[in-house]
Every structure is written in C-alpha cells, then in structure tokens.
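Written out below as structure tokens is the structure these notes cover.
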Number of protein chains: 2
Amino acid sequence: MKVSSCVWLLVTLTGTILGAAATERNCSATPPFLPSTAVNTSLQLQELRERLIPLNISAYIIPGTDAHQSEYIAPRDARMAFMTGFTGSAGTAVVTQTKAALWTDSRYWVQAERQMDCNWELETDVSISSLAEWLISEVPPGGNIGFDPFLFSLKTQEHYAISLESSSRSLKSIPINLVDQVWKDRPPLLPESLTRLPDRVIQRSWQLKVEHIRSLMRDNPYKPTALLLSALDETAWIFNLRGNDIPYNPFFYSYTLLTMNEIWLFVHTHRVTEELRLYLNTSCNESLCVQLRSYDSVLEHLKSYVSQPEVKVWIGTEYTNYALYEIITPQEKLMTSSYSPVLTTKAVKDETEQQILRDAHVRDAVAVIQLLMRLEKIVPDGKETELSAAEYVNKCRSKQNNSRGPSFETISASGPNAALAHYSPTAETSRRLTVDEMYLIDSGGQYLDGTTDITRTVHWGTPTKMQKEAFTRVLMGNIEISRTVFPSGTRGVNIEMLGRRALWEVGLNYGHGTGHGIGNFFGVHEWPVGFQTNNIPFRAGMFTSIEPGYYKENDFGIRIEDVAMTILAHTKYGHNFLTFDTISLVPYDKKLIDTMLLSSEQLQWLNSYYKKIRQLVGPELDKQGLHEEKDWMLRNTEPFPELGSSSSISSSSLTFVALSIALLHNII
Amino acid sequence: MKVSSCVWLLVTLTGTILGAAATERNCSATPPFLPSTAVNTSLQLQELRERLIPLNISAYIIPGTDAHQSEYIAPRDARMAFMTGFTGSAGTAVVTQTKAALWTDSRYWVQAERQMDCNWELETDVSISSLAEWLISEVPPGGNIGFDPFLFSLKTQEHYAISLESSSRSLKSIPINLVDQVWKDRPPLLPESLTRLPDRVIQRSWQLKVEHIRSLMRDNPYKPTALLLSALDETAWIFNLRGNDIPYNPFFYSYTLLTMNEIWLFVHTHRVTEELRLYLNTSCNESLCVQLRSYDSVLEHLKSYVSQPEVKVWIGTEYTNYALYEIITPQEKLMTSSYSPVLTTKAVKDETEQQILRDAHVRDAVAVIQLLMRLEKIVPDGKETELSAAEYVNKCRSKQNNSRGPSFETISASGPNAALAHYSPTAETSRRLTVDEMYLIDSGGQYLDGTTDITRTVHWGTPTKMQKEAFTRVLMGNIEISRTVFPSGTRGVNIEMLGRRALWEVGLNYGHGTGHGIGNFFGVHEWPVGFQTNNIPFRAGMFTSIEPGYYKENDFGIRIEDVAMTILAHTKYGHNFLTFDTISLVPYDKKLIDTMLLSSEQLQWLNSYYKKIRQLVGPELDKQGLHEEKDWMLRNTEPFPELGSSSSISSSSLTFVALSIALLHNII
C-alpha cells in the first residue's frame, strides 16, 4: 500500500528522523549495514539488466505512475517499488548495467534509506533536468535510454527529450514493459464489477454529459472529430461510473474514445454487468450507444481510427500517455490542450454536486469533532497513540451516512513527526500522544456524495509562544485566502501567496503547495483545480482545499486545511468577482490562536465561520444524538471579541480614555 | 515616431474617445468616411501583393518589431506602420490577396481607426492563437504563410507553428523582407558613432563582464562553446557601450558571438571610432580582443561557426530571432534558455549601478516636484494644457545633471484622456488642465547614470468620493507590494495581486501589468525583471516599477508608479527574505488619500516614505537653490496621524470613551 499524500510538496523539507541511527542503511560501512526493512533487489536487477542487452538500451527509466498518469496507483502498477524496495508515492528509478538510482523528494528520503539495499543510489533533485544530467553522465554518447511509453505522459516525454536534445543520447520507446517481464508475482487485476452512481447524487445523465462534450468539440475552431479520454476520472465522470482498482480512489482502468457519432469504452469488459450494459446502451452503435471494447485494445483501435482520412483526435497533454500520443500521426490528425474538455467541465460542479459535497462535509465534521473531543478527554491518560487516533477517526467516518472509507491514508502525527509533512504512522514510528506535544491530523473520507479532506492541529497542554505565533500566522494565511475577493478567471497560483504572507512577515514559510481540487466520491486531489502553476483559473462552483502550514524540523508541524467553494462575491462597484465559502466545518484550537495578531477583518471572518459551524453542524449533531459533541462544538465556537468592541480596545485607546477622564476632572 | 508605452497591457481596456465621431473612419458608410489622419495604403498593398504571387505565399505576416525583438523600434523598422498607416507601438499586420488585417490591443483601437484606411480590418484579440484562427479561415488548405524570420523570435515562431500544426497551412520563412522591397523611402541608418560609458558610472569593465559570462558558460552542464547575444541591450551592456538607433533607448544595432577564446561584435563598423577600437582591443584575436564584423554578416558568420565539429551555441529563446535559430543545426549544436546569462546577470545591479540609479532618482524627483508645484499654481489660471505640462517636465529634466532626454514619450493626460492607459497628448487631443478634472502624468528620464519612470495622479479641485476611494485603493496596492516581505526567489507574478487586492475588494481592477524592470541609462522597460509571467524570480539588487492603477472609461484615470529596489528584509525568524525599497521620491496627492481606508501598517509605511523623501530630496533642492519647491515638498510630506494616536482613534472607541465618561458621571 502506498503512502497517501494530502499536500503537494514543491520544495524541500528536510526529513530527518529521530533516534533512527539503526533503522537506515549505511552503504559506506564495511560490511554495509542494512536494516531489516531493506529489500534485497539483486535478483530483479540482474534479470532486468539482462533484458536491456538485446534491446541495445544503456539505461531504463521506471516511473512511479501508471498508464493513466495516476497519482495513486494499484499494487500491480507499483513497478518502481518492486524494483527498488521503496514504496513511497512519488519517485522515478533508473537502471543501467552498472548503476541503479532512485529519485524521490525530501519527504521520502528517510523511507528510501530504510527500504532500499545498497544496489541503489538515492538522488535528491527530482527535476527531470537533474535526472537527465545523471543520464548524460552514465550513458555513453550514442547510447539509448529506454522507457515504457505507457508510463510517460506526452509532457514528461517532452521534458526528457528537451533535456537530452543537446546531448547525443536518445530516448527509445519500448512498448513492452521490462519490469513486468521480470515481476513473477505481479498482483492480478481485481475481479470487482463496476458500479453506477445512484440517481440521487446525479444531476446530469451520462447522455447529457456526452452531448455537452460533443458541443464543445463542435464549437472548437480546430474541428476535432474525436476526443480521447485517458485519465481514470475522465471516463468515470462521463459515465457516472465508479470502480475499485486504486486504493482510496473509486477509479477503474479505462479509456474512452468519443466521436460525434460513436462512443467506445475500453474496459475489462467482464466487469461490466448486464445491468450496466443496459444502462450504457451497449447493444447498438448509434451516437448514444456505448460500444464496449477490451481495455488492452485501445492502442489498436486508436491506430485504426487515426488511419481514416479527415480525422483529428483531441487529447489533453497532461494525462495522455506517450504510447497513445505517438500513434496519432501525421500532426494534422492531432489536437492538444493541457486538459481535455471533460476535465475542465468537471472542474465546475453542478448544483447537485455542490449541494451533496457540502452535505458530506457536514457529516464529515461530525467525525472529526468526535475525534477531537475524545483526544481532549483521554490524551492526558497517556493511552492514545498516533495509530489509535487514526483508527478512531476512520471508525467515526465509517459510521456516517454514505461512507465509503477513507479518501487517503490518515496523517496522524505528534510532535516532531508532524514536521514531516507527509508522515503516516506505522507500528514502529507511532508516538504516544501527550499534553506536551502538538498534534496534527490530516484525514478525509469517501462518501457516495462527496470526498473530504481536512487538517486540524491542536495542543492539549501549554503551547510555546513560538507555536502559538506560528499557528496563528498559518491560520491568518488560511483566512486571508478564504476571505479574499478576486475577479473570476484569476489563477490560484496568483493568489496563493496570501496563504504565506503572515508567515513571510516573520521569516517563516512552508515547502508545499497551498491547495488542490477535490471531487464528488472521486480523487481527494482532483486536478485541474487548485493553487499550482498548472491549475486552471477559478470560476464559480469550483472546490479546492486551502492548506497553509509551518514545519519546525525535529519539533512540531502545523497545518490548517479546509475545503472551500468559489462563490460569487457581492462588491460595491463590480460584477463577476469571486470569493471562497469554506465548507469544512470544524473549529480551530482556540488555545493556539493569538487574537492580538489578527486584524479586525480576520476576527470577523473567524466569528462568522464559527456561526456557520453552529448553524450547519449543530442540527446534524442533534440529529445523531451526539449531545456531548454538540456541547464541545458550542464551547469551541464561542465568538472572539472583535476589535472596536470594548473588551479588545487597544491600549493606546485606553490611554486616551484615561486622559479624557483626567481632563474632565481637571486632574491635569 | 512611435507612441511609447509605460504600462504593460494584459487584458482589454475599452478605449473609446470623446466627441470623436468625425475623427475615426467609417468603412460601412457610402462612400466610406476617412478622417484626414487616415493613410492611403492602396499602393504599398498592391505592390506587396504582387510580390506574394511568385513566392507562392497566400498570406504575409508583418510584425511590429525589429530583428532584435525590441519593444521600441527605429523608424526604419516601422514596417507595420508603413504598410497600415497605424503608428502604435504594438501590433501585427497580415496581408492576403484579398484582405489586410491589423491586430492591436485596446489601448490603440481608436488610434488605428483614425490612421487606417478601409483597406484594413481591425482585429482586437491579439493572441497568436486568434491570429492563427484568422489565417486558417483566410488561407486555403495547403497554403503557405510567409514571414520574415528576422522579425520572429523563436518563441513567436513556435507559437504560430503550434497554433497552425493541426491545420494544413504551413509557415514559410522568407529571408528577404518583402515590405522593405516595396518601401521606397525607407529611412536610412543614422550616422552617429557609438559611445562608451564614462568610468565613473561603471564598476565592472567589459573584460570583467566577458570573463564572468564565460565562467557561467564553463559551469553549465551542457557545455556550450559559444553564446549568441541578440537583444540590443545585451551587447550594449557587456561592452559598456551606448548608441542612438532607437528613440528614447540608447541602443545600437548589434549582435555578439562570444566563445571561450574569441569575441565577435557585429555592428555597423564605420560607427566604431579609433578611440573605441582601442578601448575594445580590436586589433587582435585573443580571448580579450573584440573582433569587429559587419552587422549584416552575423548570419554567415554564425553558419560557419556552427559548421565546425563539437560546437554548441547557447541562445535565449525570448530574444533570438528565428533566422539565426534555424541555422543552428543539428540540434546537438543548440542550447537554449529563456534568457541569456547576460540578461539574467544584468538583472542584478552591482553596487555602483544601484547607487547611481538611486542618485538619478533624487534629481528626477526634483523635476517632477517642479512640475507638480507649477501646475498647482497655474492650472487655476486656465492656460496650462496636457502638452505644455509634458513639455515643462521634459524641460525640468533636461536641466538636471547627466540628463539625456526623456526615457519615453510623456503621458500627460487630463480627465477622460487618462482613462486611456497609454494616451500621449497631440495637438488635436491635448486638453486644457482644470481644477475640475483629475490629471495623470507618467514620465521618465534618461540620465547617464540611470533611467527613471514615475507616475503621479493629482486633483487641483474637489475630487469625488469615488475618485478619492479609487485613488486610495490604488495607493494601498502600491504600498502593499512595496512593504511586503517575501522569500528571495519569489516570482513577481506571484505577489502582484497585492497591487490589486484593495481594488478587487470593491469590484474594481486594472487591465495592465503591475511593473517592469528598469535600467542604468538603458531601456525604461528592462526585461527580464518585473511582475509578468515571463519575468525571472526576484533576488536582492533588482529594480522594478510598481504601478497599479484604475481607469474609469470616459471619466478619469489613476496610476501611481514608483521604482523600487529589492533589498534584504530583517525578519524575526528567517534569513534570505526580501522587501522593496522605493527609490522614486515624489509625494502623492494628499487630497486624494482617504486615510480611513488605510491600515496602520500602510500609514506607517507612508510616513516613513515621506521621511525618506525629506531626507533625500530636501538637500538636493537646497543644493539647486529651489526654495519654493523645498517648501512645497515639505508641505506635501507632512506626516499623517497614525492609528492609535489620539487624532485617528476609531469612532467605536470614541463611543466607548463617551460611554465611559457618561458612566463616570452617572449620566446613564
């Protein structure tokens, strides 16, 4: 099982580990020291190297993704882990006849040192240009570098090609995966059937969606005749189907090729029940009939489609793999955009999706409140651990209506463990929770109506001044983004600095992104919405997480994450401006908030947010008969005194009052 | 002479004109109406069209730039203007056998309607993809689209190629410019010699600069053997030379090819005096000798250099033209980055450059203060106009030490004219200045030690509430950027929203960029520093303008522009954080500032800025014997009362005071 991630790392966070001397490999010792967690990879390396020779390949690249460029992958796609021993969720491995190297980012360095044997180098600069530099130094001039074209997006291939173009080394596409050839006990495909979403969570039938996408194709000036859908959530979205191939993600292996008159769905056809065949109208070939084809036939089918005259296939460059891209020739038959029109359409939720996603967050808040109340009560007893807390919140979620399990592996981290932004506890690392350490919980649920993702950081004892200041500044970042007003069409990347500014002011920062889109019973990181460079501009009706943080190495970690929806803002002079409406509904730890740092606008925002929690979560707690939780929630959403009200009047004003009174009394 | 621009337009501002019914063409009238300002282009169009036929070209693209991708161009490069009649500084023209169209952005639409005859369509979406769509609709399948490869950057060519790739129309590079062939009285090259900068404004000799750039080439992992410099300020910078080819810009036509052992300078060699030949060490061919070659031989020379084995030429993709790029083959001989190492090195000023650029801004402030004081005095008499004000500020600058004329055409705009962000007055449009209209002056100077660019907006009567609010919010934007603290390496585009946020809050915005780099006796828009997407990250020692604005169509325009330098910020916890130090030193119009809208941090910033103006400009005014101006400056830099001091106590606090007093007296 891969480690899930809920924050997007952009730059490095040094991930050291505590008291870990004997848990990491030491390849410079004689003999080399290997911890028990290290995997012996000599055999698979030897077999893979043998296969490189007849193909005349000097190096072979093994990405950590699947044919759909998925962030989370199925165990049968964990080729990088099989080859290296390293099971982190992000990385790329390269094997030559004499060397083997793994590139992964800082959150996984410790894990890699624990899991890899001394066959492997660990490389820390994960940019493609750094990887290319390594290849140039290891591969002789004129040498070939092999890759599986199904595991490279067309963009990835382009990056490699550009980085290698001035060298005399060539990329060579090898359509048969060489790791699969040496992976004897590769996990099989799961047998589960696909399921369709119930009508109550759907506004648009698959037929309506297909017709809408066709209208976008028709309106496009380049006149595409077909659209190829490669990302797993594209096909799942358009047909209102879900599956079970990827942990935490209700996706299934699939492609779709859509033309004006036909629809071809490439899946493992034995998973499509009779009921679904009826639903999909599979027994015909008209424009609203879905023609089932086997998953493995997509390449051949696309090739034959492209061989026809006057066709043009629209693909999204971020998710289409190079194997499919390279057969769309000549260039006149290709049309590209970063994201397919399915992904950009899906990014704006319809009213039903908006409402059920909001509703799911009300129930999700109940589970998180249950956890926070429980921890507050029992942590002082000393029996709770990171692992038991994670289990408890998962259990609370599972009792909520429409629950379909967690949406990623819960990050439950105490003290220094929370300084590793992506830490998830294991039996070995799980810390006991105490009143002396801060605690961070980043968790989320899948519900039939929505996906959730929320982070709260708390302290059950007495936080230090620095902890309180850092927490308050992280909160200020969250509030500043949430309350900002901006023109529709603004890119997240152009406003995300508001999440950092209060930290920057005192020389602090965080090394990950500030938020990502989220789906309706879909991916917890739903592209292309969010605050990254390659996210699309905000329009009304999008959902994104907002999650600034601060991490003090070997000490503590803070993150405050809420999901928010973009809504129309009412402004004095303008139209078409947006703001955020926060739909995660759990109070922040009052003890960690230094209200003196907050502006009056921030305090106002906080109080109106707390009012909303009371209005929306209160009735749900009542309904579920959770009276103690209701009291806890009410206690923790007491309004803060606002600036200008008597209790928060500034000291200089008080001086003025004193002075005025003195004057009145002729004392001075 | 082209219209200079001081603001970068990103999105559209509707530029309508007042009482202009008879000044714009009307091609749908019978017969068509043409104003006296329209240029008859029938002849040149006919001649150009004849030349397309033997070349088998269906359309010919005429960009508004020169072979160095200059923003400002020499009259002899104004091919677009010659063909269309339109003299604006930005645009692209396309001619087919039956149609002729001009693309320009909103600031120039009115001007285009006044200057073009009915041979020309005006197209308003200036994106290359929109231009490509037009081409696809006008050029038959299989048709060729011709362009002069010297006038396309390699990036521009790539954009066109991508936009056309799915159509069956091809770009065809035509190395001889077809407009030049029909342009009989094309202005000749100017005869002026080049000049070298005096030692007192230089810290690094050209030899030091060359060696530094060579060290960057040596350290580059791709091992380039040569660097080609194409932008005009690249060659001028590296040799500490200046010229006179381009209005307002001390540039001269040139290229440089630099290797580890040789330096080739391509210029009009007759312009290089004996003294300069000595200075450049031109009589040898060692590593620090400059070998002069004729400007026109660059292509042949590069071709012969590239034909050698084991060479690799480094170019910047933003400024290298396609003609030079396309001869660097095969691909192994090419190495690209967005900007050459000369441009990225130049972006950080050395200590001498920093100091003299600051000094130039002190003298420049004197000129602007002289203008503002004069206008305040004489506008009520009703004799001052936009033109006379522009002339006056130019005259004031010309009297300052080291003056080398204006750095762009002064924007002097009253009332509705200021709503056109790039308006410069002409005899026809110049408005009389009155106490009833706001007035915007955007101007700058070239000095031997620095280039300046500053905008102030004032009102001599009673501004409306809306004007005051809008001005204050623009000022808040300027202050928020100026005072923000951010990590070194942050991109301008990621913090420029701070310039807009106070406007966004009430539904206002502006349609241009927020700032651009500036040079030392160089371009007033010096790339690659600034707040645009293609600007490089900020490091300490860079200079940029900060210039938010607000424009109310047919009513008024506001812009507040200062130049600021990035300096290290001292923060509580961190290192390597930056902030801005404003080096433009002219007070803002007090009458237009609503201090109630400002935060206490903004007021503090304003007061310390005013203190700095007094400290730096005061002695200069004394030195120049400008006593009245000194008094004016002191009056206009009186500190504002800050929040927390008694005079600015908030009304709610006052209520509290009243209440307290009432209680004390047992009144209630």
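Going through the structure tokens in order, the chains are called A, B, and so on, while each chain numbers its residues from 1 and the ligands are numbered from 1 in the order shown.
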
Taking only C-alpha atoms into account, find every residue of chain A that has an atom no more than 6 Å from chain B, and write it out as number ranges by chain. A: 166-167, 332, 485-486, 494, 504-508, 571-574, 644, 652, 657

Can you build me a table of segment 65-139 of chain B residues sitting at most 10 Å from segment 523-532 of chain B, with the closest atom pair per residue and its distance in Å to one decimal, using only C-alpha atoms, sorted by chain and residue number, as JSON lines?
{"residue": "B:Ser70", "atom": "CA", "partner": "B:Gly523", "partner_atom": "CA", "distance": 9.9}
{"residue": "B:Glu71", "atom": "CA", "partner": "B:His525", "partner_atom": "CA", "distance": 8.4}
{"residue": "B:Tyr72", "atom": "CA", "partner": "B:Gly523", "partner_atom": "CA", "distance": 9.0}

Near-Thr452 of chain B list (12 Å; only C-alpha atoms; drop same-chain fewer than 4 positions) as JSON, numbers by chain: {"B": [6, 248, 356, 357, 358, 359, 360, 361, 362, 363, 364, 365, 367, 368, 397, 403, 404, 405, 406, 407, 408, 410, 442, 443, 444, 445, 446, 447, 448, 516, 517, 518, 519, 520, 521, 522, 523, 524, 525, 526, 543, 544, 545, 561, 562, 563, 564, 583, 584, 585]}

Quote the C-alpha RMSD, in Å to one decimal, that results from superposing chain B on chain A by least squares across all C-alpha atoms in order.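 Across all paired C-alpha atoms, the RMSD is 0.4 Å.
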
Can you pull out every residue from segment 298-392 of chain B that DSSP, working from the backbone, puts in alpha helix (DSSP H), and format the result as a VMD selection string? chain B and resid 298 to 306 322 to 325 341 to 347 351 to 378 386 to 392

Of the residues A:Lys465, A:Tyr339, A:Pro191, A:Ala67, which is the one nearest to Leu299 of chain A, using only C-alpha atoms? A:Ala67

Close residues, Gln602 of chain B itself excluded, 8 Å, only C-alpha atoms, min 6 positions apart in chain, as a PyMOL selection string: chain B and resi 476+479-480

Print the selection's residues with N, CA, C and O atoms to a file, as a compact mmCIF listing (two decimals), in the first residue's frame.
# COMPACT_ATOMS: atom_id res chain seq x y z
N MET B 476 -3.06 51.97 -1.88
CA MET B 476 -2.94 50.81 -0.99
C MET B 476 -2.25 49.65 -1.72
O MET B 476 -1.43 48.93 -1.15
N ILE B 479 1.42 50.43 -1.90
CA ILE B 479 2.06 50.26 -0.59
C ILE B 479 2.15 48.77 -0.23
O ILE B 479 3.17 48.30 0.27
N GLU B 480 1.08 48.03 -0.50
CA GLU B 480 1.08 46.61 -0.09
C GLU B 480 2.19 45.83 -0.80
O GLU B 480 2.85 45.00 -0.19

Test item: residues at most 8 Å from segment 182-187 of chain B, only C-alpha atoms, excluding those fewer than 3 positions along its chain, as a PDB file with all heavy atoms, in the first residue's frame:
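Written file, out-v8.pdb:
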ATOM      1  N   GLN B  44       1.079  50.561 -51.572  1.00  0.00           N
ATOM      2  CA  GLN B  44       2.005  49.600 -50.971  1.00  0.00           C
ATOM      3  C   GLN B  44       1.370  48.215 -50.857  1.00  0.00           C
ATOM      4  O   GLN B  44       2.049  47.186 -50.986  1.00  0.00           O
ATOM      5  CB  GLN B  44       2.567  50.080 -49.610  1.00  0.00           C
ATOM      6  CG  GLN B  44       1.565  50.561 -48.577  1.00  0.00           C
ATOM      7  CD  GLN B  44       1.454  52.065 -48.584  1.00  0.00           C
ATOM      8  OE1 GLN B  44       1.168  52.650 -49.645  1.00  0.00           O
ATOM      9  NE2 GLN B  44       1.630  52.705 -47.434  1.00  0.00           N
ATOM     10  N   GLU B  47       1.577  46.575 -54.291  1.00  0.00           N
ATOM     11  CA  GLU B  47       2.941  46.137 -54.605  1.00  0.00           C
ATOM     12  C   GLU B  47       3.340  44.918 -53.782  1.00  0.00           C
ATOM     13  O   GLU B  47       3.989  43.992 -54.283  1.00  0.00           O
ATOM     14  CB  GLU B  47       3.935  47.293 -54.373  1.00  0.00           C
ATOM     15  CG  GLU B  47       3.749  48.403 -55.386  1.00  0.00           C
ATOM     16  CD  GLU B  47       4.873  49.443 -55.304  1.00  0.00           C
ATOM     17  OE1 GLU B  47       5.938  49.132 -54.743  1.00  0.00           O
ATOM     18  OE2 GLU B  47       4.657  50.571 -55.786  1.00  0.00           O
ATOM     19  N   LEU B  48       2.952  44.923 -52.511  1.00  0.00           N
ATOM     20  CA  LEU B  48       3.283  43.766 -51.676  1.00  0.00           C
ATOM     21  C   LEU B  48       2.574  42.516 -52.203  1.00  0.00           C
ATOM     22  O   LEU B  48       3.165  41.435 -52.302  1.00  0.00           O
ATOM     23  CB  LEU B  48       2.882  44.028 -50.222  1.00  0.00           C
ATOM     24  CG  LEU B  48       3.214  42.898 -49.243  1.00  0.00           C
ATOM     25  CD1 LEU B  48       4.725  42.736 -49.086  1.00  0.00           C
ATOM     26  CD2 LEU B  48       2.593  43.147 -47.865  1.00  0.00           C
ATOM     27  N   PRO B  75      12.722  54.186 -36.734  1.00  0.00           N
ATOM     28  CA  PRO B  75      11.776  54.475 -37.822  1.00  0.00           C
ATOM     29  C   PRO B  75      11.983  53.542 -39.026  1.00  0.00           C
ATOM     30  O   PRO B  75      11.018  53.154 -39.687  1.00  0.00           O
ATOM     31  CB  PRO B  75      12.092  55.931 -38.173  1.00  0.00           C
ATOM     32  CG  PRO B  75      12.668  56.520 -36.925  1.00  0.00           C
ATOM     33  CD  PRO B  75      13.402  55.401 -36.242  1.00  0.00           C
ATOM     34  N   ARG B  76      13.221  53.155 -39.288  1.00  0.00           N
ATOM     35  CA  ARG B  76      13.449  52.304 -40.460  1.00  0.00           C
ATOM     36  C   ARG B  76      12.927  50.880 -40.270  1.00  0.00           C
ATOM     37  O   ARG B  76      12.871  50.100 -41.224  1.00  0.00           O
ATOM     38  CB  ARG B  76      14.930  52.280 -40.850  1.00  0.00           C
ATOM     39  CG  ARG B  76      15.877  51.761 -39.800  1.00  0.00           C
ATOM     40  CD  ARG B  76      17.352  51.915 -40.212  1.00  0.00           C
ATOM     41  NE  ARG B  76      17.880  50.756 -40.925  1.00  0.00           N
ATOM     42  CZ  ARG B  76      18.022  50.655 -42.243  1.00  0.00           C
ATOM     43  NH1 ARG B  76      17.682  51.649 -43.023  1.00  0.00           N
ATOM     44  NH2 ARG B  76      18.516  49.570 -42.798  1.00  0.00           N
ATOM     45  N   PHE B  82       4.351  51.551 -41.951  1.00  0.00           N
ATOM     46  CA  PHE B  82       4.406  51.891 -43.370  1.00  0.00           C
ATOM     47  C   PHE B  82       3.286  51.188 -44.143  1.00  0.00           C
ATOM     48  O   PHE B  82       2.628  51.780 -44.999  1.00  0.00           O
ATOM     49  CB  PHE B  82       5.766  51.495 -43.954  1.00  0.00           C
ATOM     50  CG  PHE B  82       5.797  51.500 -45.448  1.00  0.00           C
ATOM     51  CD1 PHE B  82       5.763  52.705 -46.164  1.00  0.00           C
ATOM     52  CD2 PHE B  82       5.820  50.301 -46.162  1.00  0.00           C
ATOM     53  CE1 PHE B  82       5.762  52.699 -47.556  1.00  0.00           C
ATOM     54  CE2 PHE B  82       5.820  50.299 -47.555  1.00  0.00           C
ATOM     55  CZ  PHE B  82       5.785  51.501 -48.249  1.00  0.00           C
ATOM     56  N   LEU B 178       9.813  41.485 -47.514  1.00  0.00           N
ATOM     57  CA  LEU B 178       9.038  41.924 -48.674  1.00  0.00           C
ATOM     58  C   LEU B 178       8.561  43.367 -48.536  1.00  0.00           C
ATOM     59  O   LEU B 178       8.377  44.067 -49.527  1.00  0.00           O
ATOM     60  CB  LEU B 178       7.848  40.991 -48.885  1.00  0.00           C
ATOM     61  CG  LEU B 178       8.196  39.504 -49.069  1.00  0.00           C
ATOM     62  CD1 LEU B 178       6.930  38.695 -49.356  1.00  0.00           C
ATOM     63  CD2 LEU B 178       9.204  39.319 -50.190  1.00  0.00           C
ATOM     64  N   VAL B 179       8.366  43.816 -47.310  1.00  0.00           N
ATOM     65  CA  VAL B 179       7.955  45.212 -47.126  1.00  0.00           C
ATOM     66  C   VAL B 179       9.101  46.144 -47.535  1.00  0.00           C
ATOM     67  O   VAL B 179       8.892  47.135 -48.234  1.00  0.00           O
ATOM     68  CB  VAL B 179       7.524  45.478 -45.671  1.00  0.00           C
ATOM     69  CG1 VAL B 179       7.214  46.963 -45.464  1.00  0.00           C
ATOM     70  CG2 VAL B 179       6.313  44.625 -45.313  1.00  0.00           C
TER      71      VAL B 179
END

Taking only segment 67-221 of chain B into account, list the residues labelled strand (DSSP E or B) by DSSP (computed from the backbone), as a PyMOL selection string. chain B and resi 92-96+100-103+116+121-123+144-147+153+170-173+195-196

Calculate how many Å separate atom CA of Ser424 of chain A from atom CA of Asn554 of chain A, rounding to one decimal. 15.7 Å

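All residues of protein, DNA or RNA that reach within 9 Å of Asp589 of chain A, judged by only C-alpha atoms and not counting those fewer than 2 positions away in the chain, are A:Arg456, A:Thr457, A:Val458, A:His459, A:Pro587, A:Lys591, A:Leu592, A:Ile593, A:Asn636.
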
I'd like the contact shell of Phe150 of chain B - 7 Å cut-off, only C-alpha atoms, skipping same-chain residues fewer than 3 positions apart - returned as a PDB file with N, CA, C and O atoms, in the first residue's frame.
ATOM      1  N   ALA B  67      14.690  43.085 -35.728  1.00  0.00           N
ATOM      2  CA  ALA B  67      15.418  41.811 -35.719  1.00  0.00           C
ATOM      3  C   ALA B  67      15.915  41.441 -34.331  1.00  0.00           C
ATOM      4  O   ALA B  67      16.423  40.343 -34.124  1.00  0.00           O
ATOM      5  N   ASN B 321      16.226  35.788 -32.875  1.00  0.00           N
ATOM      6  CA  ASN B 321      15.277  35.685 -33.973  1.00  0.00           C
ATOM      7  C   ASN B 321      15.380  34.333 -34.665  1.00  0.00           C
ATOM      8  O   ASN B 321      16.377  33.609 -34.537  1.00  0.00           O
ATOM      9  N   TYR B 322      14.311  34.001 -35.372  1.00  0.00           N
ATOM     10  CA  TYR B 322      14.192  32.672 -35.966  1.00  0.00           C
ATOM     11  C   TYR B 322      15.225  32.450 -37.067  1.00  0.00           C
ATOM     12  O   TYR B 322      15.667  31.329 -37.297  1.00  0.00           O
ATOM     13  N   ALA B 323      15.645  33.529 -37.726  1.00  0.00           N
ATOM     14  CA  ALA B 323      16.629  33.409 -38.806  1.00  0.00           C
ATOM     15  C   ALA B 323      17.947  32.856 -38.269  1.00  0.00           C
ATOM     16  O   ALA B 323      18.576  31.992 -38.898  1.00  0.00           O
TER      17      ALA B 323
END

Which residue gives the smallest distance to Phe252 of chain A among A:Val379, A:Leu197, A:Ala231, A:Ile560, with only C-alpha atoms counted? A:Ala231

Please measure the separation of atom CA of Leu603 of chain B and atom CA of Pro639 of chain B, giving the value in Å to one decimal. 9.0 Å

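Interatomic distance, atom CA of Asp436 of chain B to atom CA of Asp381 of chain B: 12.7 Å.
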